[in-house]
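Asker: Provided herewith is a single structure, encoded as structure tokens, for subsequent inquiry.
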Amino acid sequence: MVVMRTPPKISSLFRRTCAIGSIGLISVAAGGFSAAGAQIVRGAPPAATTPSPTAGADTLLPPLERARMAQAAFERFRVTNLPPFRGGRSGNNCDERVGNWCYWYDENTKPALEPQPIAQRRLQLTRFLDSLAVLDPDEPWILGQRVRYHFEDQRPADALKAAQSCATGTWWCDVMVGFSLHMLGEYVTADSVYAHALTKMLARDACAWNDLSMLLDQDAQQTYKRFSCEDPKRKEFEQRAWWYARTLYLMHGNDSRTEHYARLTMALMLKDAATPHQNGFTDDERELMLRFGISTSWAKGPASDPRDRFSFSIVSHEPVPAYRYIPAGFVLNNPAISDSADWRLQLPPVMGRYAPPYAKIFKPLEHQKAMFRRGDTALVVVSYDAQALTDLQQTTVEAALTVSPGDKPREYQTRKSGGAADGILTVKAPWGPLVMSVEVAAPAKSAVGRARYGMSPPYAVGTRMSLSDLLFYKPYGTFPKNAEEAIPHALPTERVLASDKLGVFWEAYGTDPAGEKMQISLTVVRELVDDPGFLRRQARSLRLAREVTPVSVIVTDMSAFGARLSPRALELDISTLPKGAYIVQLEVSVAGQYVIRADHRIEIIGP
């Protein structure tokens, strides 16, 4: 997957640098723009050829001027020596236009390898900038370019060393350190450093750094834009958005947020410096970077318009694969009612993308979940199996089950490190609507499996008795007497063979301690697929349950004596069921209240 940018149609916003008299580094406008539209990026010495970064540099000039000259010379050299772009799309086939820029997303085109002469010339530049920093250690522009090019050269440790040499104590120093730590994967420390930097900024600057507007869809913006910078509700919204934006809750820190700050830091480095695009770092380019990521490679593409007098445009690539950055507005507003489709990695409209380096392979995780009540606490159980994901096989994996109340993010988590690619996790959280995320990661392969969605107790309003979720388990010769006995045998998937018996465990809450008669009906009915939407299909399937009941068990039972919790289990023979998706529905009735229900989807995958 490749992300590319190039100006559409009018590559008159040409990226080639021309040296004219004593002014150099001019982005020349053509093809419909007058010469008056040319933008002078900054002064540079006249040059008929592209010298080495230090050639001709006057040692009598201040270090800052020498640094600017060397940096501009490098970017001219880079543009001259860029490899050709070989992709299947062009500037006339955009996913989105931002000003004069064309953006598209392509997972199949791989960026061309950087020519070795460019890498060698960049190394010369970084060494030269390091030497100038000794002469002027407090110059922020030199520091920014040192960090920028060390990062570009894939040497984040050297970038951090350069950033830590800053001794002015300003927020500029802090954000350079935060940027380097983020690129090293030190997300907890990076988050702390950036938070400290924000306290040093003017209020308006801190507000701008925290502004999420570009990354939010229309629904979320309608809520967000109602809050002023001074409104505590704005900060609460931002914290909520970043909490739910995290790709993996098992990762320590919040790399989604520090990625945003890192992009803002790169924007500072590019603001007053030559870039491969050479026409100056425009607001449109800044927006694209903040939304879709920092470019890591460049190539020469064809001119966007054949009428242009110049022969190429510049195509830039961002890290891939990249996933939707901030969840949809309707998820942020009420995450507890979201389903797995609402957390899709490419759910449109994609306002922003993030390519976490630890998730280059990202797959749905097969699992089964259930929710049991313990007073005012929920016991959440997840059994999972990542064995089907080949990238998670034969390697050390980390797993985590994280739940949070749906009204306000708060982390309740169980972790397991160094285990197999399957297992069972349990966690306790406040009883009520929750958001659940079960995650398995193989750091050595940058591969992850994830399942994330909202969950709530089975519907029961105004009733004395209520039900837990249904937990499917593998029969083991006896019926479990409680959840603790059933959980170790929980199926790690909702896909089963018809040849296997299906154990179903549940709990009834609020039963009469003196004992009361319970009418129990357990029905398996095919899920209809002709109606759009899962809820509509489910409702229709259950209405037809009495008409088409391939598997049905009806029993009369007594509730537990001396307790208000009645655990129950049944085993179903599903051998008569053909392949397909089904709904297992439990109905329980007691005297004095309406029938209460719980249901669970299951898929028969073979005989």
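Following the order of the structure tokens, first chain is A, next is B, and so on, with residues numbered from 1 inside each chain and ligands from 1 in the order they appear.
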Counting only C-alpha atoms, what is within 8 Å of Cys166 in chain A, bar same-chain residues fewer than 5 positions away, as a list in words?

Answerer: Pro137, Asp138, Leu143 and Cys173 of chain A

Asker: Residues of the last selection are to be written out with C-alpha atoms, as an mmCIF file, in the first residue's frame.

Answerer:
```cif
data_model
loop_
_atom_site.group_PDB
_atom_site.id
_atom_site.type_symbol
_atom_site.label_atom_id
_atom_site.label_comp_id
_atom_site.auth_asym_id
_atom_site.auth_seq_id
_atom_site.Cartn_x
_atom_site.Cartn_y
_atom_site.Cartn_z
ATOM 1 C CA PRO A 137 24.337 25.031 19.665
ATOM 2 C CA ASP A 138 21.285 27.199 20.388
ATOM 3 C CA LEU A 143 18.661 21.524 15.350
ATOM 4 C CA CYS A 173 13.762 21.453 22.364
#
```

Asker: Need the shell around Asp174 in chain A: protein/DNA/RNA residues with any atom at most 7 Å away, counting only C-alpha atoms. Skip same-chain ones fewer than 2 positions apart. Format as an MDAnalysis selection string?

Answerer: chainID A and resid 170:172 176:178 193:194 197

Asker: Would you mind reading off the distance between CA of Trp243 in chain A and CA of Thr199 in chain A, one decimal, in Å?

Answerer: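 So the answer is 20.4 Å.
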
Asker: Among the residues of range 93-309 of chain A, find those DSSP assigns to strand (DSSP E or B) from the backbone and print them as a PDB file with C-alpha atoms, in the first residue's frame.

Answerer:
```pdb
ATOM      1  CA  GLU A  96      -8.883  13.415  -2.783  1.00  0.00           C
ATOM      2  CA  ARG A  97      -7.713  16.851  -3.871  1.00  0.00           C
ATOM      3  CA  VAL A  98      -6.349  19.370  -1.412  1.00  0.00           C
ATOM      4  CA  TRP A 101      -2.377  18.555  -4.636  1.00  0.00           C
ATOM      5  CA  CYS A 102      -3.629  15.120  -5.605  1.00  0.00           C
ATOM      6  CA  TYR A 103      -3.711  12.351  -3.010  1.00  0.00           C
ATOM      7  CA  TRP A 104      -4.350   8.685  -3.581  1.00  0.00           C
ATOM      8  CA  TYR A 105      -3.922   5.485  -1.606  1.00  0.00           C
ATOM      9  CA  ASP A 106      -2.423   2.410  -3.215  1.00  0.00           C
ATOM     10  CA  SER A 297      10.482   8.614  -0.113  1.00  0.00           C
ATOM     11  CA  TRP A 298      10.081  10.521  -3.367  1.00  0.00           C
ATOM     12  CA  ALA A 299      10.166   9.819  -7.081  1.00  0.00           C
ATOM     13  CA  LYS A 300       9.814  11.627 -10.403  1.00  0.00           C
ATOM     14  CA  GLY A 301       6.420  11.120 -11.948  1.00  0.00           C
ATOM     15  CA  PRO A 302       5.101  12.252 -15.317  1.00  0.00           C
TER      16      PRO A 302
END
```

Asker: Asp284 in chain A: which residues within 7 Å, counting only C-alpha atoms, same-chain residues fewer than 3 positions away excluded, as number ranges by chain?

Answerer: A: 98-99, 287-288

Asker: Between A:Val147, A:Ala569, A:Asp512, A:Pro63, which one has atoms that come closest to Val134 in chain A, using only C-alpha atoms?

Answerer: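 Checking each of A:Val147, A:Ala569, A:Asp512, A:Pro63 against Val134 in chain A, counting only C-alpha atoms, the winner is A:Pro63.
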